[in-house]
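Peer 1: Sharing start-v7.txt here; it has compact mmCIF, C-alpha atoms.
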```txt
# COMPACT_ATOMS: atom_id res chain seq x y z
CA MET A 1 0.00 0.00 0.00
CA ARG A 2 2.93 2.36 0.62
CA VAL A 3 4.20 1.70 -2.90
CA PHE A 4 0.65 2.17 -4.20
CA TRP A 5 0.21 5.54 -2.49
CA SER A 6 3.71 6.74 -3.36
CA ASN A 7 2.96 6.01 -7.01
CA THR A 8 -0.44 7.73 -6.81
CA LEU A 9 0.86 10.92 -5.19
CA SER A 10 3.86 11.06 -7.49
CA MET A 11 1.60 10.83 -10.54
CA LEU A 12 -0.69 13.52 -9.14
CA GLY A 13 2.32 15.81 -9.11
CA THR A 14 3.36 14.62 -12.55
CA ALA A 15 -0.04 15.71 -13.88
CA VAL A 16 0.96 19.26 -12.99
CA THR A 17 4.28 19.00 -14.82
CA GLN A 18 2.65 17.41 -17.88
CA MET A 19 0.65 20.60 -18.27
CA ALA A 20 3.02 23.17 -16.80
CA LEU A 21 6.24 22.14 -18.55
CA PRO A 22 4.99 22.40 -22.16
CA LEU A 23 3.02 25.55 -21.26
CA THR A 24 6.22 27.05 -19.85
CA ALA A 25 7.97 26.29 -23.14
CA VAL A 26 5.11 27.44 -25.37
CA GLN A 27 3.78 30.48 -23.50
CA PHE A 28 6.85 31.83 -21.71
CA LEU A 29 9.62 30.84 -24.13
CA HIS A 30 7.61 30.70 -27.41
CA ALA A 31 9.05 27.31 -28.36
CA SER A 32 8.69 25.98 -31.91
CA ALA A 33 7.71 22.42 -32.82
CA THR A 34 11.39 21.66 -33.46
CA GLN A 35 12.30 22.89 -29.96
CA MET A 36 9.53 20.78 -28.45
CA GLY A 37 10.98 17.79 -30.30
CA LEU A 38 14.39 18.63 -28.82
CA LEU A 39 12.83 18.77 -25.37
CA ALA A 40 11.42 15.29 -25.89
CA ALA A 41 14.83 14.10 -27.13
CA ALA A 42 16.55 15.51 -24.03
CA GLN A 43 14.26 13.35 -21.93
CA LEU A 44 15.22 10.22 -23.89
CA VAL A 45 19.03 10.56 -23.95
CA PRO A 46 19.59 9.51 -20.28
CA PHE A 47 18.02 6.13 -21.01
CA ILE A 48 20.75 5.58 -23.60
CA LEU A 49 23.62 6.61 -21.33
CA SER A 50 22.49 4.57 -18.31
CA LEU A 51 23.19 1.07 -19.69
CA PRO A 52 25.80 0.13 -17.00
CA ALA A 53 23.31 1.18 -14.31
CA GLY A 54 21.61 -2.20 -14.64
CA VAL A 55 24.59 -3.81 -12.91
CA TRP A 56 24.36 -1.20 -10.14
CA ILE A 57 20.66 -2.02 -9.67
CA ASP A 58 21.26 -5.78 -9.50
CA ARG A 59 24.01 -5.27 -6.91
CA SER A 60 22.15 -2.74 -4.74
CA SER A 61 19.04 -2.26 -2.62
CA LYS A 62 16.26 -1.40 -5.05
CA ARG A 63 14.21 0.28 -2.34
CA ARG A 64 17.07 2.57 -1.33
CA MET A 65 17.76 3.52 -4.95
CA ALA A 66 14.09 4.36 -5.53
CA VAL A 67 14.15 6.67 -2.49
CA TRP A 68 17.27 8.60 -3.46
CA PHE A 69 16.32 9.05 -7.10
CA ASN A 70 12.89 10.37 -6.10
CA LEU A 71 14.68 13.02 -4.06
CA LEU A 72 16.96 13.81 -7.00
CA ALA A 73 13.89 14.26 -9.22
CA ALA A 74 12.47 16.76 -6.72
CA PHE A 75 15.73 18.74 -6.80
CA GLY A 76 15.78 18.79 -10.62
CA LEU A 77 12.20 20.02 -10.87
CA MET A 78 12.89 22.87 -8.46
CA LEU A 79 15.41 24.30 -10.93
CA ILE A 80 12.51 25.52 -13.12
CA PRO A 81 10.76 27.75 -10.55
CA ALA A 82 14.20 28.83 -9.30
CA GLY A 83 15.23 29.77 -12.84
CA TYR A 84 11.98 31.66 -13.35
CA LEU A 85 12.37 33.66 -10.15
CA ALA A 86 16.02 34.38 -10.99
CA GLY A 87 15.12 35.55 -14.51
CA VAL A 88 17.24 32.89 -16.26
CA LEU A 89 14.46 30.60 -17.53
CA SER A 90 15.35 29.31 -21.01
CA MET A 91 14.88 26.34 -23.31
CA PRO A 92 18.40 25.01 -22.48
CA LEU A 93 17.38 25.00 -18.80
CA LEU A 94 14.24 23.02 -19.69
CA TYR A 95 16.41 20.60 -21.69
CA LEU A 96 18.67 20.16 -18.64
CA VAL A 97 15.77 19.57 -16.24
CA GLY A 98 14.13 17.15 -18.68
CA ALA A 99 17.38 15.19 -18.87
CA MET A 100 17.74 15.17 -15.06
CA ILE A 101 14.21 13.91 -14.49
CA SER A 102 14.67 11.20 -17.12
CA THR A 103 17.93 10.14 -15.46
CA THR A 104 16.05 9.58 -12.22
CA GLU A 105 13.47 7.50 -14.10
CA ALA A 106 16.11 5.59 -16.08
CA ILE A 107 17.86 4.43 -12.91
CA GLY A 108 15.53 4.93 -9.95
CA GLY A 109 12.43 3.99 -11.96
CA SER A 110 14.13 0.82 -13.19
CA ALA A 111 15.04 -0.09 -9.62
CA ALA A 112 11.43 0.52 -8.56
CA GLN A 113 10.16 -1.88 -11.27
CA VAL A 114 12.46 -4.63 -10.00
CA PHE A 115 11.40 -3.87 -6.42
CA VAL A 116 7.73 -4.36 -7.35
CA THR A 117 8.59 -7.71 -8.96
CA GLN A 118 10.31 -8.83 -5.76
CA LEU A 119 7.49 -7.51 -3.60
CA VAL A 120 4.52 -9.22 -5.29
CA GLY A 121 6.01 -12.20 -7.12
CA ARG A 122 5.80 -13.12 -10.79
CA ASP A 123 2.34 -14.71 -10.64
CA ARG A 124 0.75 -11.38 -9.66
CA LEU A 125 2.70 -9.05 -11.94
CA VAL A 126 -0.15 -8.20 -14.33
CA GLU A 127 -2.51 -7.65 -11.39
CA ALA A 128 0.02 -5.50 -9.51
CA ASN A 129 1.04 -3.46 -12.54
CA GLY A 130 -2.61 -3.02 -13.44
CA LYS A 131 -3.36 -1.67 -9.95
CA LEU A 132 -0.38 0.68 -10.09
CA PHE A 133 -1.53 1.99 -13.46
CA GLY A 134 -5.05 2.24 -12.09
CA ALA A 135 -3.69 4.44 -9.32
CA THR A 136 -1.85 6.45 -11.93
CA SER A 137 -5.04 6.91 -13.92
CA VAL A 138 -7.05 7.98 -10.87
CA ALA A 139 -4.36 10.54 -10.07
CA MET A 140 -4.38 11.72 -13.67
CA VAL A 141 -8.19 12.08 -13.63
CA ILE A 142 -7.95 14.35 -10.61
CA GLY A 143 -4.63 15.85 -11.67
CA PRO A 144 -5.57 18.02 -14.67
CA ALA A 145 -8.12 20.05 -12.69
CA PHE A 146 -5.59 20.39 -9.89
CA ALA A 147 -2.90 21.30 -12.43
CA ALA A 148 -5.12 23.89 -14.10
CA SER A 149 -5.82 25.55 -10.76
CA MET A 150 -2.11 25.55 -9.84
CA VAL A 151 -1.16 26.96 -13.26
CA ALA A 152 -3.85 29.64 -12.99
CA LEU A 153 -2.85 30.52 -9.43
CA PHE A 154 0.95 30.47 -9.68
CA GLY A 155 1.77 30.32 -13.40
CA PRO A 156 3.30 27.29 -15.20
CA PRO A 157 6.91 27.60 -13.89
CA LEU A 158 5.97 27.88 -10.21
CA ALA A 159 3.25 25.23 -10.42
CA ILE A 160 5.97 22.62 -11.03
CA THR A 161 6.84 22.98 -7.33
CA MET A 162 3.83 20.72 -6.64
CA ASP A 163 5.46 17.89 -8.56
CA ALA A 164 8.72 18.33 -6.66
CA ALA A 165 6.81 18.02 -3.39
CA SER A 166 5.10 14.83 -4.58
CA PHE A 167 8.47 13.18 -5.27
CA VAL A 168 9.62 13.99 -1.74
CA ILE A 169 6.47 12.39 -0.27
CA ALA A 170 6.92 9.35 -2.53
CA ALA A 171 10.51 8.95 -1.30
CA VAL A 172 9.34 9.02 2.33
CA LEU A 173 6.62 6.41 1.73
CA ILE A 174 8.94 3.99 -0.10
CA GLY A 175 11.56 4.51 2.60
CA GLN A 176 9.04 3.26 5.17
CA VAL A 177 8.53 -0.09 3.41
CA ARG A 178 9.86 -2.96 5.49
CA PHE A 179 10.82 -5.75 3.13
CA ALA A 180 13.69 -8.25 3.19
CA GLU A 181 15.12 -7.84 -0.27
CA PRO A 182 16.78 -10.93 -1.77
CA GLN A 183 20.54 -10.62 -1.49
CA SER A 184 22.47 -10.93 -4.74
CA PRO A 185 25.61 -13.10 -4.57
CA ALA A 186 28.93 -11.30 -4.73
CA PRO A 187 29.74 -10.78 -8.43
CA ASN A 188 32.68 -12.61 -9.98
CA ALA A 189 32.62 -10.52 -13.14
CA SER A 190 33.38 -6.89 -13.90
CA VAL A 191 30.72 -4.26 -14.51
CA TRP A 192 31.23 -4.47 -18.27
CA GLN A 193 31.03 -8.28 -18.24
CA GLN A 194 27.77 -8.12 -16.32
CA THR A 195 26.48 -5.42 -18.66
CA HIS A 196 27.28 -7.79 -21.51
CA GLU A 197 25.18 -10.46 -19.79
CA GLY A 198 22.21 -8.10 -19.94
CA LEU A 199 22.72 -7.67 -23.68
CA LEU A 200 23.04 -11.45 -24.10
CA LEU A 201 19.79 -11.95 -22.21
CA VAL A 202 17.87 -9.79 -24.67
CA TRP A 203 19.54 -11.43 -27.67
CA HIS A 204 18.86 -14.99 -26.51
CA THR A 205 15.25 -14.38 -25.42
CA PRO A 206 13.02 -14.25 -28.54
CA VAL A 207 10.21 -12.24 -27.00
CA LEU A 208 12.64 -9.58 -25.73
CA ARG A 209 14.26 -9.32 -29.18
CA VAL A 210 10.89 -8.63 -30.78
CA LEU A 211 9.88 -6.21 -28.02
CA VAL A 212 13.00 -4.12 -28.71
CA VAL A 213 11.65 -3.34 -32.20
CA VAL A 214 8.05 -2.84 -31.10
CA VAL A 215 8.88 -0.65 -28.13
CA PHE A 216 11.34 1.47 -30.12
CA GLY A 217 8.52 2.29 -32.53
CA TRP A 218 6.09 2.98 -29.70
CA ILE A 219 8.45 5.30 -27.81
CA THR A 220 9.29 7.33 -30.90
CA LEU A 221 5.65 7.77 -31.87
CA ASN A 222 4.16 8.32 -28.41
CA ASP A 223 6.86 10.67 -27.13
CA SER A 224 6.63 12.74 -30.31
CA PHE A 225 2.88 13.03 -29.89
CA ARG A 226 3.20 13.97 -26.22
CA ALA A 227 5.77 16.62 -27.11
CA LEU A 228 3.48 18.25 -29.68
CA TYR A 229 -0.13 17.80 -28.58
CA VAL A 230 -0.19 20.84 -26.25
CA LEU A 231 1.37 22.99 -29.00
CA PHE A 232 -1.37 21.81 -31.39
CA ALA A 233 -4.10 22.44 -28.81
CA THR A 234 -3.00 25.99 -28.01
CA ARG A 235 -1.91 27.29 -31.42
CA GLU A 236 -4.14 25.45 -33.89
CA LEU A 237 -7.22 24.62 -31.84
CA GLY A 238 -7.11 27.80 -29.74
CA LEU A 239 -7.65 25.97 -26.47
CA SER A 240 -6.86 27.44 -23.05
CA ALA A 241 -5.15 25.80 -20.07
CA GLY A 242 -8.61 24.89 -18.73
CA HIS A 243 -9.51 23.13 -21.97
CA ILE A 244 -6.17 21.28 -21.92
CA ALA A 245 -6.99 20.18 -18.37
CA LEU A 246 -10.29 18.77 -19.67
CA ILE A 247 -8.46 16.95 -22.47
CA ASN A 248 -5.98 15.44 -20.02
CA THR A 249 -8.78 14.42 -17.64
CA LEU A 250 -10.67 12.58 -20.35
CA GLY A 251 -7.43 10.92 -21.40
CA ALA A 252 -6.83 9.77 -17.83
CA VAL A 253 -10.35 8.31 -17.70
CA GLY A 254 -9.34 6.17 -20.67
CA GLY A 255 -6.23 5.06 -18.80
CA LEU A 256 -8.36 4.18 -15.79
CA LEU A 257 -10.74 2.12 -17.92
CA GLY A 258 -7.76 0.35 -19.48
CA SER A 259 -6.30 -0.49 -16.07
CA MET A 260 -9.65 -1.88 -14.91
CA LEU A 261 -9.94 -4.13 -17.96
CA VAL A 262 -6.32 -5.15 -18.51
CA HIS A 263 -6.23 -8.14 -16.14
CA ARG A 264 -9.52 -9.51 -17.48
CA LEU A 265 -8.45 -9.04 -21.11
CA GLU A 266 -5.06 -10.60 -20.47
CA ARG A 267 -6.69 -13.69 -18.95
CA ARG A 268 -9.19 -13.91 -21.84
CA PHE A 269 -6.95 -13.19 -24.85
CA GLY A 270 -3.41 -13.61 -23.56
CA ILE A 271 -0.70 -11.14 -22.71
CA ARG A 272 0.69 -10.79 -26.26
CA ALA A 273 -2.63 -10.17 -28.00
CA THR A 274 -3.69 -7.62 -25.38
CA LEU A 275 -0.35 -5.82 -25.74
CA ALA A 276 -0.58 -5.67 -29.54
CA TRP A 277 -4.20 -4.52 -29.70
CA GLY A 278 -3.47 -1.87 -27.10
CA ILE A 279 -0.99 -0.35 -29.58
CA VAL A 280 -3.61 -0.46 -32.34
CA LEU A 281 -6.15 1.28 -30.10
CA ALA A 282 -3.63 3.99 -29.22
CA GLY A 283 -3.01 4.56 -32.94
CA LEU A 284 -6.71 5.11 -33.52
CA GLY A 285 -6.63 7.70 -30.74
CA TYR A 286 -3.82 9.60 -32.48
CA LEU A 287 -5.82 9.63 -35.70
CA CYS A 288 -8.89 10.99 -33.94
CA TYR A 289 -6.85 13.75 -32.27
CA ALA A 290 -5.69 14.91 -35.70
CA GLN A 291 -9.31 15.32 -36.87
CA PRO A 292 -11.12 17.66 -34.40
CA THR A 293 -14.02 18.23 -36.80
CA ALA A 294 -16.92 17.10 -34.62
CA THR A 295 -17.74 20.62 -33.51
CA TRP A 296 -21.24 19.55 -32.46
CA ILE A 297 -19.68 18.16 -29.28
CA GLY A 298 -16.96 20.79 -29.05
CA VAL A 299 -13.36 20.64 -30.19
CA SER A 300 -12.02 20.15 -26.66
CA ILE A 301 -14.44 17.24 -25.98
CA TRP A 302 -13.47 15.60 -29.27
CA ALA A 303 -9.76 15.99 -28.51
CA GLY A 304 -10.36 14.63 -25.01
CA LEU A 305 -12.20 11.59 -26.34
CA ALA A 306 -9.29 10.99 -28.71
CA LEU A 307 -6.89 11.03 -25.76
CA MET A 308 -9.26 8.71 -23.89
CA ILE A 309 -8.93 6.14 -26.66
CA GLN A 310 -5.17 6.65 -26.83
CA ASP A 311 -4.62 6.36 -23.08
CA ALA A 312 -6.80 3.25 -22.82
CA GLY A 313 -4.74 1.58 -25.52
CA ALA A 314 -1.47 2.79 -23.99
CA THR A 315 -2.39 1.26 -20.62
CA LEU A 316 -3.24 -2.11 -22.19
CA TYR A 317 0.12 -2.04 -23.96
CA VAL A 318 2.31 -0.80 -21.10
CA VAL A 319 0.95 -3.06 -18.34
CA ASN A 320 1.34 -6.17 -20.47
CA TYR A 321 4.73 -5.10 -21.81
CA LEU A 322 6.16 -4.54 -18.32
CA SER A 323 4.66 -7.78 -17.02
CA LEU A 324 5.82 -9.85 -20.02
CA ARG A 325 9.43 -8.73 -19.90
CA GLN A 326 9.61 -9.21 -16.13
CA ALA A 327 8.04 -12.66 -16.31
CA VAL A 328 10.62 -14.05 -18.77
CA THR A 329 13.72 -12.76 -16.96
CA PRO A 330 15.73 -14.61 -14.27
CA ASP A 331 15.76 -12.82 -10.92
CA ALA A 332 19.50 -12.16 -10.96
CA LEU A 333 19.21 -10.25 -14.24
CA LEU A 334 16.07 -8.18 -13.65
CA GLY A 335 17.90 -4.87 -13.19
CA ARG A 336 20.10 -5.38 -16.22
CA MET A 337 17.11 -6.49 -18.30
CA VAL A 338 15.13 -3.34 -17.51
CA VAL A 339 18.01 -0.98 -18.22
CA THR A 340 19.17 -2.90 -21.31
CA MET A 341 15.66 -2.90 -22.78
CA ARG A 342 15.37 0.83 -22.14
CA PHE A 343 18.79 1.41 -23.71
CA LEU A 344 18.04 -0.58 -26.86
CA THR A 345 14.51 0.73 -27.36
CA ILE A 346 15.46 4.38 -26.83
CA LEU A 347 18.86 4.34 -28.59
CA PHE A 348 17.63 6.04 -31.78
CA ALA A 349 14.33 7.45 -30.47
CA PRO A 350 15.73 10.97 -29.80
CA LEU A 351 16.55 11.31 -33.51
CA GLY A 352 12.98 10.24 -34.28
CA THR A 353 11.39 12.81 -31.96
CA ILE A 354 13.60 15.60 -33.36
CA ALA A 355 12.75 14.60 -36.93
CA ILE A 356 9.01 14.39 -36.19
CA GLY A 357 9.12 17.74 -34.38
CA HIS A 358 10.84 19.33 -37.38
CA ALA A 359 8.26 17.69 -39.68
CA GLY A 360 5.59 19.48 -37.64
CA ASP A 361 7.17 22.82 -38.54
CA VAL A 362 7.49 21.86 -42.21
CA PHE A 363 4.27 19.96 -42.97
CA GLY A 364 1.97 20.98 -40.12
CA LEU A 365 1.05 19.19 -36.93
CA ARG A 366 -2.20 17.71 -38.26
CA VAL A 367 -0.34 15.85 -41.02
CA VAL A 368 2.26 14.63 -38.52
CA PHE A 369 -0.42 13.30 -36.14
CA ILE A 370 -2.09 11.40 -38.98
CA GLY A 371 1.27 9.85 -39.85
CA ILE A 372 1.89 8.89 -36.20
CA GLY A 373 -1.53 7.26 -36.00
CA VAL A 374 -1.16 5.23 -39.19
CA VAL A 375 2.31 3.96 -38.28
CA CYS A 376 1.13 3.07 -34.76
CA VAL A 377 -1.78 0.98 -36.08
CA VAL A 378 0.58 -0.86 -38.44
CA LEU A 379 3.03 -1.43 -35.58
CA GLY A 380 0.33 -2.99 -33.40
CA LEU A 381 -0.84 -5.30 -36.16
CA ALA A 382 2.76 -6.34 -36.82
CA ALA A 383 3.34 -6.99 -33.09
CA SER A 384 0.36 -9.35 -33.00
CA ARG A 385 2.17 -11.52 -35.58
CA TRP A 386 5.77 -11.05 -34.47
CA LEU A 387 5.60 -11.84 -30.75
CA PRO A 388 6.62 -15.49 -30.27
CA THR A 389 4.94 -18.02 -28.00
CA HIS A 390 8.18 -19.38 -26.57
CA THR A 391 9.69 -16.67 -24.49
CA ARG A 392 12.45 -17.69 -22.16
CA ALA A 393 16.09 -18.20 -23.11
CA PRO A 394 18.07 -21.12 -21.67
CA GLU A 395 19.91 -20.06 -18.52
CA ALA A 396 23.20 -21.25 -20.00
CA ALA A 397 22.86 -18.84 -22.88
CA LEU A 398 22.88 -15.89 -20.47
CA VAL A 399 26.31 -16.53 -18.97
CA THR A 400 29.29 -14.57 -20.22
CA GLU A 401 32.29 -16.79 -20.81
```
Show me this structure written as structure tokens.
Peer 2:
Amino acid sequence: MRVFWSNTLSMLGTAVTQMALPLTAVQFLHASATQMGLLAAAQLVPFILSLPAGVWIDRSSKRRMAVWFNLLAAFGLMLIPAGYLAGVLSMPLLYLVGAMISTTEAIGGSAAQVFVTQLVGRDRLVEANGKLFGATSVAMVIGPAFAASMVALFGPPLAITMDAASFVIAAVLIGQVRFAEPQSPAPNASVWQQTHEGLLLVWHTPVLRVLVVVVFGWITLNDSFRALYVLFATRELGLSAGHIALINTLGAVGGLLGSMLVHRLERRFGIRATLAWGIVLAGLGYLCYAQPTATWIGVSIWAGLALMIQDAGATLYVVNYLSLRQAVTPDALLGRMVVTMRFLTILFAPLGTIAIGHAGDVFGLRVVFIGIGVVCVVLGLAASRWLPTHTRAPEAALVTE
């Protein structure tokens, strides 16, 4: 329950940043689509540079790492209101903060995923991840209204203080968990040899090999959309911060519905099919967001319903993806698996987000969103055929000679 509430409160704060950070860039710094793509890229680069951190996670207390990296995230976020008050707020500062927050997620977030696996056991991973994402969705339903009020009251840069506070509370709650973590044996190999074992694991496990391709496509498409959708809402749809809050709330409702259905759908159709069709559903949401023509229900309602579809699909995909990769990995390699998968799937994604952001300046955001939606649907259909039934690599194949 402490992990549950730490996740919920942290995501409530994140709802503020999801609105306040792009509004800071768009309204205060007049960022272009290319700059928004660069901001998304800055948040992906740490996942590429943190590959050796998997060894650190496997050798360390996952609970302790989650605590300290939550505190580091709070410190990074506070640089934005501090920069605003000091009169030095700039896009490079936002790039720096984005990279810092992603570093905390790349390492501390990976440790937290392994900690959850240890805490609940493999048989309950889908259920546990579904509940955590349900908590996330509840927080994100409440969050946009809270975020809109904070943005209206303090302005986007200062509102981010709420997110920093939520990370501090999350760190305290996780620090209070009393759990005897399994002790890893003393390593006989160097850091680089153990890092190599993580790479071997992915190569020798068929389902992980396929997921590298699928997740790379997902991250590039979804992060590009998330970097640009507020810009599209404010500049092309003429929506205010209150309307964006409504859009985000409806999107979170979709995520909540997805989290409520994911365990039942996984048991009915299987983890791979549910994952793949979640990607397809998200793609349909992107396509709907690009076509806000149903003015009879209001542009903001239409855009919100599009995000509802997208977030429902994203939840079906993410919960099953996290559970599938954790289920096929030996305990001793969980940390390296998480970091290696993040490294491989994000390696070229920053170039994709920059290119898609630039395409938004050249061809228009509506055309870009249509392209993102079409490619996402194709990716989901391909995943339904690519993901193998046999998942686990032989243990002997994972050992570095």
Peer 1: For atom CA of Leu344 of chain A and atom CA of Gln43 of chain A, quote the distance in Å rounded to one decimal.
Peer 2: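 For atom CA of Leu344 of chain A relative to atom CA of Gln43 of chain A, the distance reads 15.3 Å.
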Peer 1: Smallest atom-to-atom distance to Ala15 of chain A: which of A:Leu29, A:Val168, A:Ile142, A:Ile356, using all atoms listed in the file?
Peer 2: A:Ile142
Peer 1: Could you tell me how far atom CA of Thr24 of chain A sits from atom CA of Ser90 of chain A, in Å to one decimal place?
Peer 2: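 Result for atom CA of Ser90 of chain A versus atom CA of Thr24 of chain A: 9.5 Å, one decimal.
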Peer 1: Please tabulate, as CSV, the residues of segment 67-181 of chain A that come within 12 Å of segment 264-284 of chain A, each with its closest pair of atoms and the distance in Å to one decimal, counting all atoms listed in the file and ordering rows by chain, then residue number upward.
Peer 2:
```
residue,atom,partner,partner_atom,distance
A:Leu125,CA,A:Ile271,CA,11.5
A:Val126,CA,A:Glu266,CA,8.2
A:Glu127,CA,A:Arg264,CA,9.5
A:Gly130,CA,A:Arg264,CA,10.3
```
Peer 1: What does the structure give for the distance between atom CA of Ala171 of chain A and atom CA of Asn70 of chain A, in Å to one decimal?
Peer 2: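 Computing the Euclidean distance for atom CA of Ala171 of chain A and atom CA of Asn70 of chain A yields 5.5 Å.
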Peer 1: Hey, which of A:Trp192, A:Phe232, A:Phe115, A:Phe146 ends up closest to Val16 of chain A? Count all atoms listed in the file.
Peer 2: A:Phe146
Peer 1: Find the residue from A:Leu39, A:Gly155, A:Leu85, A:Ala170 that sits nearest to Trp68 of chain A; use only C-alpha atoms when measuring.
Peer 2: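 Counting only C-alpha atoms, the residue closest to Trp68 of chain A is A:Ala170.
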Peer 1: Within 10 Å of (-7.7, 22.0, -33.5) in the file's own coordinates, which protein, DNA or RNA residues have an atom, counting all atoms listed in the file? List them as a PyMOL selection string.
Peer 2: chain A and resi 229+232-239+289-293+299-300+302-303+365-366
Peer 1: Save out the residues we just selected, C-alpha atoms, as a PDB file, keeping the file's coordinate frame.
Peer 2:
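The resulting file, out-v2.pdb, is shown below:
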```
ATOM      1  CA  TYR A 229      -0.130  17.800 -28.580  1.00  0.00           C
ATOM      2  CA  PHE A 232      -1.370  21.810 -31.390  1.00  0.00           C
ATOM      3  CA  ALA A 233      -4.100  22.440 -28.810  1.00  0.00           C
ATOM      4  CA  THR A 234      -3.000  25.990 -28.010  1.00  0.00           C
ATOM      5  CA  ARG A 235      -1.910  27.290 -31.420  1.00  0.00           C
ATOM      6  CA  GLU A 236      -4.140  25.450 -33.890  1.00  0.00           C
ATOM      7  CA  LEU A 237      -7.220  24.620 -31.840  1.00  0.00           C
ATOM      8  CA  GLY A 238      -7.110  27.800 -29.740  1.00  0.00           C
ATOM      9  CA  LEU A 239      -7.650  25.970 -26.470  1.00  0.00           C
ATOM     10  CA  TYR A 289      -6.850  13.750 -32.270  1.00  0.00           C
ATOM     11  CA  ALA A 290      -5.690  14.910 -35.700  1.00  0.00           C
ATOM     12  CA  GLN A 291      -9.310  15.320 -36.870  1.00  0.00           C
ATOM     13  CA  PRO A 292     -11.120  17.660 -34.400  1.00  0.00           C
ATOM     14  CA  THR A 293     -14.020  18.230 -36.800  1.00  0.00           C
ATOM     15  CA  VAL A 299     -13.360  20.640 -30.190  1.00  0.00           C
ATOM     16  CA  SER A 300     -12.020  20.150 -26.660  1.00  0.00           C
ATOM     17  CA  TRP A 302     -13.470  15.600 -29.270  1.00  0.00           C
ATOM     18  CA  ALA A 303      -9.760  15.990 -28.510  1.00  0.00           C
ATOM     19  CA  LEU A 365       1.050  19.190 -36.930  1.00  0.00           C
ATOM     20  CA  ARG A 366      -2.200  17.710 -38.260  1.00  0.00           C
TER      21      ARG A 366
END
```
Peer 1: Counting only C-alpha atoms, figure out which residue out of A:Ala241, A:Ile301, A:Ala327, A:Ala159 gets nearest to Gly121 of chain A.
Peer 2: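 Of the candidates, the smallest distance to Gly121 of chain A is held by A:Ala327.
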Peer 1: Neighbouring residues of segment 304-308 of chain A were defined as those with any atom within 7 Å, considering all atoms listed in the file; residues of the same chain fewer than 5 positions away were excluded. Please report them as a ChimeraX atom specification.
Peer 2: /A:246-248,250-255,285-286,288-289
Peer 1: Have a look at A:Val262, A:Leu351, A:Ile309, A:Met162 and name the one nearest to Leu12 of chain A; count only C-alpha atoms.
Peer 2: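 Among the listed residues, A:Met162 lies closest to Leu12 of chain A.
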Peer 1: Nearest to Val177 of chain A: which of A:Leu153, A:Val3, A:Val191, A:Val120 is it, counting all atoms listed in the file?
Peer 2: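 Closest candidate: A:Val3.
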Peer 1: Determine, counting all atoms listed in the file, every residue of protein, DNA or RNA that lies within 9 Å of (10.8, 7.0, -4.0) in the file coordinates, then give the result as a ChimeraX atom specification.
Peer 2: /A:3,6-7,10,63-71,108-109,112,167-175
Peer 1: Would you pick out the contacts of Ala147 of chain A at 10 Å or less, using only C-alpha atoms, so that residues sharing its chain but fewer than 2 positions from it are not included, and give the list as a list in words?
Peer 2: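 Skipping anything fewer than 2 positions along the chain leaves Leu12, Gly13, Thr14, Ala15, Val16, Thr17, Gln18, Met19, Ala20, Met140, Ile142, Gly143, Pro144, Ala145, Ser149, Met150, Val151, Ala152, Leu153, Pro156, Ala159, Ile160, Met162, Asp163, Ala241, Gly242 and Ala245 of chain A.
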Peer 1: Just the selected residues (C-alpha atoms), exported as a compact mmCIF listing (two decimals), in the frame of the given file, please.
Peer 2:
```txt
# COMPACT_ATOMS: atom_id res chain seq x y z
CA LEU A 12 -0.69 13.52 -9.14
CA GLY A 13 2.32 15.81 -9.11
CA THR A 14 3.36 14.62 -12.55
CA ALA A 15 -0.04 15.71 -13.88
CA VAL A 16 0.96 19.26 -12.99
CA THR A 17 4.28 19.00 -14.82
CA GLN A 18 2.65 17.41 -17.88
CA MET A 19 0.65 20.60 -18.27
CA ALA A 20 3.02 23.17 -16.80
CA MET A 140 -4.38 11.72 -13.67
CA ILE A 142 -7.95 14.35 -10.61
CA GLY A 143 -4.63 15.85 -11.67
CA PRO A 144 -5.57 18.02 -14.67
CA ALA A 145 -8.12 20.05 -12.69
CA SER A 149 -5.82 25.55 -10.76
CA MET A 150 -2.11 25.55 -9.84
CA VAL A 151 -1.16 26.96 -13.26
CA ALA A 152 -3.85 29.64 -12.99
CA LEU A 153 -2.85 30.52 -9.43
CA PRO A 156 3.30 27.29 -15.20
CA ALA A 159 3.25 25.23 -10.42
CA ILE A 160 5.97 22.62 -11.03
CA MET A 162 3.83 20.72 -6.64
CA ASP A 163 5.46 17.89 -8.56
CA ALA A 241 -5.15 25.80 -20.07
CA GLY A 242 -8.61 24.89 -18.73
CA ALA A 245 -6.99 20.18 -18.37
```
